[in-house]
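Since the structure comes first, as structure tokens, the remarks are kept for the end.
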Amino acid sequence: MNSLIKIFAVLISVLLLYLYPLSAAFDQQDDISELVALRATTAFVDAVRDKGGITPTMYNDFVTALAATGNTFDVQMEHDSKKYVPVYDDPTRPETFKDSYEVQYDAFFNAQILPVLFPDNRAAKDDPSRRYRMRAGDSFSVIVRNTNRTSGTLFFDFLNNTISPNEKIVIPYGGVVRNEMD
């Protein structure tokens with residue numbers, strides 16, 4: 001009986017002396033990665049909203065800041081543009097205008113934004129044709145998700161013999177575009 005208590009005491013001491021601090025360190029590393037990604041995302045989105053567009057340099061700096069965390073991320077951008085469309089009984093006849101307007105939204109995603117920033121031609125980075133422009137009043141948002149398993153997640157799964165989802169860092173951020181790019 002006495003040897004059983006000693007074995008239990010050794011296991012508890014190993015757990016408290018080694019495993020808990022290691023787990024806390026990995027969790028803290030994940031928290032720091034999330035804070036760095038949050039800061040990079042807010043800085044990027046706020047710069048886009050203030051300037052009224054995206055340049056290749058802005059996007060590359062954002063992706064580089066995310067990569068500094070040691071994690072890989074999926075970046076989903078969305079640009080929503082609001083349009084006012086006049087309402088007609090018969091759109092082919094202007095005299096049928098009903099004295100009202102309808103609000104329509106056009107949404108643009110990575111598939112439409114990235115080809116403008118990184119076209120197939122050899123235009124310079126500062127070429128005006130490589131700027132994705134927005135209008136004041138449009139909305140712009142970004143969702144950043146990690147695609148790899150973070151060190152904290154791996155260690156937690158090892159200790160608990162489970163498989164957690166990859167997405168531990170999810171950052172949605174956006175707002176209304178304030179200015180227009182020249």
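Numbering starts fresh at 1 for the residues of each chain in the structure tokens, the chains themselves are lettered A, B, ... in the order given, and ligands are numbered from 1 as they appear.
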Give me the region 31-130 of chain A side of the contact with region 152-172 of chain A, cut-off 10 Å, one line per residue showing its nearest atom pair and distance in Å at one decimal, counting only C-alpha atoms, sorted by chain and residue number, as JSON lines.
{"residue": "A:Asp31", "atom": "CA", "partner": "A:Ile169", "partner_atom": "CA", "distance": 8.8}
{"residue": "A:Ser33", "atom": "CA", "partner": "A:Ile169", "partner_atom": "CA", "distance": 8.3}
{"residue": "A:Glu34", "atom": "CA", "partner": "A:Ile169", "partner_atom": "CA", "distance": 5.9}
{"residue": "A:Leu35", "atom": "CA", "partner": "A:Ile169", "partner_atom": "CA", "distance": 9.4}
{"residue": "A:Ala37", "atom": "CA", "partner": "A:Ile171", "partner_atom": "CA", "distance": 7.9}
{"residue": "A:Leu38", "atom": "CA", "partner": "A:Ile171", "partner_atom": "CA", "distance": 6.5}
{"residue": "A:Thr41", "atom": "CA", "partner": "A:Ile171", "partner_atom": "CA", "distance": 7.8}
{"residue": "A:Thr42", "atom": "CA", "partner": "A:Ile171", "partner_atom": "CA", "distance": 9.3}
{"residue": "A:Asn71", "atom": "CA", "partner": "A:Ile169", "partner_atom": "CA", "distance": 9.7}
{"residue": "A:Phe73", "atom": "CA", "partner": "A:Ile169", "partner_atom": "CA", "distance": 8.9}
{"residue": "A:Asp74", "atom": "CA", "partner": "A:Val170", "partner_atom": "CA", "distance": 9.6}
{"residue": "A:Val75", "atom": "CA", "partner": "A:Ile171", "partner_atom": "CA", "distance": 9.6}
{"residue": "A:Gln76", "atom": "CA", "partner": "A:Pro172", "partner_atom": "CA", "distance": 9.4}
{"residue": "A:Met77", "atom": "CA", "partner": "A:Pro172", "partner_atom": "CA", "distance": 9.9}
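Here CA of Val176 (chain A) is placed at a distance of 27.9 Å from CA of Ala68 (chain A).
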DSSP-assigned alpha helix (DSSP H) members of region 10-163 of chain A, reported as JSON, numbers by chain: {"A": [10, 11, 12, 13, 14, 20, 21, 22, 23, 24, 25, 26, 27, 28, 29, 30, 31, 32, 33, 34, 35, 36, 37, 38, 39, 40, 41, 42, 43, 44, 45, 46, 47, 48, 49, 50, 51, 56, 57, 58, 59, 60, 61, 62, 63, 64, 65, 66, 67, 110, 111, 112, 113, 114, 115, 116, 117, 151, 152, 153, 154, 155, 156, 157, 158, 159, 160]}
Next, write the just-selected residues to a file, as a compact mmCIF listing (two decimals), in the first residue's frame, keeping C-alpha atoms as the atom set.
# COMPACT_ATOMS: atom_id res chain seq x y z
CA VAL A 10 5.65 10.63 -8.12
CA LEU A 11 3.06 10.78 -10.90
CA ILE A 12 1.42 13.84 -9.37
CA SER A 13 4.77 15.57 -8.91
CA VAL A 14 5.76 14.86 -12.54
CA TYR A 20 1.40 21.70 -16.44
CA PRO A 21 4.10 24.36 -17.04
CA LEU A 22 4.72 22.96 -20.52
CA SER A 23 1.01 23.04 -21.31
CA ALA A 24 0.71 26.59 -19.95
CA ALA A 25 3.70 27.70 -22.06
CA PHE A 26 2.17 26.27 -25.25
CA ASP A 27 -1.19 27.89 -24.47
CA GLN A 28 0.55 31.20 -23.86
CA GLN A 29 2.35 30.86 -27.20
CA ASP A 30 -1.03 30.32 -28.90
CA ASP A 31 -2.43 33.39 -27.13
CA ILE A 32 0.51 35.50 -28.30
CA SER A 33 0.04 34.20 -31.86
CA GLU A 34 -3.63 35.17 -31.69
CA LEU A 35 -2.77 38.66 -30.44
CA VAL A 36 -0.20 39.16 -33.22
CA ALA A 37 -2.71 37.98 -35.82
CA LEU A 38 -5.41 40.24 -34.34
CA ARG A 39 -3.10 43.25 -34.40
CA ALA A 40 -2.04 42.55 -38.01
CA THR A 41 -5.67 42.06 -39.11
CA THR A 42 -6.96 45.24 -37.47
CA ALA A 43 -4.04 47.27 -38.84
CA PHE A 44 -4.63 45.93 -42.37
CA VAL A 45 -8.41 46.41 -42.37
CA ASP A 46 -8.17 49.88 -40.83
CA ALA A 47 -5.55 50.90 -43.43
CA VAL A 48 -7.77 49.61 -46.25
CA ARG A 49 -10.79 51.46 -44.86
CA ASP A 50 -8.80 54.69 -44.43
CA LYS A 51 -7.13 54.57 -47.87
CA PRO A 56 -0.02 44.61 -53.30
CA THR A 57 2.43 45.95 -50.72
CA MET A 58 -0.32 46.31 -48.10
CA TYR A 59 -1.50 42.74 -48.68
CA ASN A 60 2.03 41.28 -48.68
CA ASP A 61 2.89 43.09 -45.43
CA PHE A 62 -0.29 41.70 -43.87
CA VAL A 63 0.47 38.12 -44.92
CA THR A 64 4.08 38.49 -43.72
CA ALA A 65 2.90 39.71 -40.31
CA LEU A 66 0.60 36.70 -40.04
CA ALA A 67 3.40 34.33 -41.03
CA ASN A 110 -10.71 36.82 -52.86
CA ALA A 111 -11.42 35.45 -56.34
CA GLN A 112 -12.13 38.99 -57.59
CA ILE A 113 -9.71 40.96 -55.37
CA LEU A 114 -6.46 38.99 -55.69
CA PRO A 115 -6.30 38.99 -59.53
CA VAL A 116 -6.38 42.80 -59.43
CA LEU A 117 -3.52 42.89 -56.91
CA SER A 151 1.51 23.75 -30.55
CA GLY A 152 -0.98 24.22 -27.72
CA THR A 153 -3.58 22.17 -29.56
CA LEU A 154 -1.08 19.40 -30.29
CA PHE A 155 0.02 19.18 -26.66
CA PHE A 156 -3.59 19.28 -25.40
CA ASP A 157 -4.51 16.47 -27.80
CA PHE A 158 -1.47 14.47 -26.71
CA LEU A 159 -2.37 14.76 -23.03
CA ASN A 160 -6.06 14.04 -23.50
Atomic separation - CA of Pro86 (chain A) relative to CA of Arg133 (chain A), Å: 24.3 Å
Interatomic distance, CA of Ala123 (chain A) to CA of Arg135 (chain A) (Å, one decimal):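 Taking CA of Ala123 (chain A) and CA of Arg135 (chain A), their separation equals 23.7 Å.
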Counting only C-alpha atoms, what is within 8 Å of Ser81 (chain A), bar same-chain residues fewer than 2 positions away, as a PDB file with N, CA, C and O atoms, in the first residue's frame?
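The new file selection.pdb reads:
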ATOM      1  N   HIS A  79     -15.564  42.455 -49.953  1.00  0.00           N
ATOM      2  CA  HIS A  79     -15.862  43.863 -50.222  1.00  0.00           C
ATOM      3  C   HIS A  79     -17.304  43.930 -50.692  1.00  0.00           C
ATOM      4  O   HIS A  79     -17.674  43.309 -51.685  1.00  0.00           O
ATOM      5  N   LYS A  83     -25.271  49.903 -54.169  1.00  0.00           N
ATOM      6  CA  LYS A  83     -25.698  50.681 -55.330  1.00  0.00           C
ATOM      7  C   LYS A  83     -27.176  51.020 -55.184  1.00  0.00           C
ATOM      8  O   LYS A  83     -27.948  50.244 -54.633  1.00  0.00           O
ATOM      9  N   TYR A 105     -26.699  45.232 -53.396  1.00  0.00           N
ATOM     10  CA  TYR A 105     -25.347  45.035 -52.901  1.00  0.00           C
ATOM     11  C   TYR A 105     -24.603  44.083 -53.831  1.00  0.00           C
ATOM     12  O   TYR A 105     -25.131  43.047 -54.228  1.00  0.00           O
ATOM     13  N   ASP A 106     -23.392  44.462 -54.176  1.00  0.00           N
ATOM     14  CA  ASP A 106     -22.501  43.591 -54.929  1.00  0.00           C
ATOM     15  C   ASP A 106     -21.399  43.154 -53.982  1.00  0.00           C
ATOM     16  O   ASP A 106     -20.790  43.983 -53.299  1.00  0.00           O
ATOM     17  N   ALA A 107     -21.144  41.865 -53.923  1.00  0.00           N
ATOM     18  CA  ALA A 107     -20.104  41.340 -53.040  1.00  0.00           C
ATOM     19  C   ALA A 107     -18.931  40.831 -53.878  1.00  0.00           C
ATOM     20  O   ALA A 107     -19.123  40.160 -54.890  1.00  0.00           O
ATOM     21  N   MET A 134     -11.988  50.965 -53.754  1.00  0.00           N
ATOM     22  CA  MET A 134     -13.325  50.917 -53.162  1.00  0.00           C
ATOM     23  C   MET A 134     -13.855  52.337 -53.055  1.00  0.00           C
ATOM     24  O   MET A 134     -13.091  53.298 -53.124  1.00  0.00           O
ATOM     25  N   ARG A 135     -15.152  52.448 -52.875  1.00  0.00           N
ATOM     26  CA  ARG A 135     -15.771  53.768 -52.708  1.00  0.00           C
ATOM     27  C   ARG A 135     -16.111  53.992 -51.246  1.00  0.00           C
ATOM     28  O   ARG A 135     -16.343  53.041 -50.499  1.00  0.00           O
ATOM     29  N   GLY A 137     -18.250  54.474 -48.177  1.00  0.00           N
ATOM     30  CA  GLY A 137     -19.567  53.909 -47.881  1.00  0.00           C
ATOM     31  C   GLY A 137     -19.642  52.412 -48.130  1.00  0.00           C
ATOM     32  O   GLY A 137     -20.565  51.754 -47.645  1.00  0.00           O
ATOM     33  N   ASP A 138     -18.696  51.858 -48.900  1.00  0.00           N
ATOM     34  CA  ASP A 138     -18.648  50.403 -49.077  1.00  0.00           C
ATOM     35  C   ASP A 138     -18.215  49.769 -47.758  1.00  0.00           C
ATOM     36  O   ASP A 138     -17.725  50.446 -46.864  1.00  0.00           O
ATOM     37  N   SER A 139     -18.382  48.472 -47.664  1.00  0.00           N
ATOM     38  CA  SER A 139     -17.887  47.793 -46.467  1.00  0.00           C
ATOM     39  C   SER A 139     -16.813  46.784 -46.865  1.00  0.00           C
ATOM     40  O   SER A 139     -16.835  46.222 -47.963  1.00  0.00           O
TER      41      SER A 139
END
Best match for closeness to Val103 (chain A) among A:Arg178, A:Lys82, A:Arg145, A:Pro91, counting only C-alpha atoms: A:Lys82
Picked from chain A by DSSP as strand (DSSP E or B), as a ChimeraX atom specification: /A:53-54,73-88,97-109,132-133,139-146,170-176
All residues 6 Å or closer to Glu78 (chain A), only C-alpha atoms, same chain fewer than 2 positions away omitted, as a PyMOL selection string: chain A and resi 108-109+140-141
Write the residues of the preceding selection, restricted to N, CA, C and O atoms, as an mmCIF file, in the first residue's frame.
data_model
loop_
_atom_site.group_PDB
_atom_site.id
_atom_site.type_symbol
_atom_site.label_atom_id
_atom_site.label_comp_id
_atom_site.auth_asym_id
_atom_site.auth_seq_id
_atom_site.Cartn_x
_atom_site.Cartn_y
_atom_site.Cartn_z
ATOM 1 N N PHE A 108 -17.729 41.191 -53.444
ATOM 2 C CA PHE A 108 -16.503 40.768 -54.108
ATOM 3 C C PHE A 108 -15.628 40.057 -53.084
ATOM 4 O O PHE A 108 -15.470 40.528 -51.962
ATOM 5 N N PHE A 109 -15.071 38.929 -53.481
ATOM 6 C CA PHE A 109 -14.306 38.090 -52.572
ATOM 7 C C PHE A 109 -12.870 37.936 -53.081
ATOM 8 O O PHE A 109 -12.470 38.600 -54.026
ATOM 9 N N PHE A 140 -15.878 46.597 -45.967
ATOM 10 C CA PHE A 140 -14.764 45.679 -46.202
ATOM 11 C C PHE A 140 -14.542 44.872 -44.935
ATOM 12 O O PHE A 140 -14.522 45.431 -43.834
ATOM 13 N N SER A 141 -14.403 43.562 -45.088
ATOM 14 C CA SER A 141 -14.159 42.718 -43.921
ATOM 15 C C SER A 141 -13.192 41.601 -44.277
ATOM 16 O O SER A 141 -13.048 41.221 -45.438
#
Minimum-distance residue to Asp126 (chain A), chosen among A:Val177, A:Ile143, A:Ile54, A:Ile7 (using only C-alpha atoms):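 Closest residue, counting only C-alpha atoms: A:Ile54.
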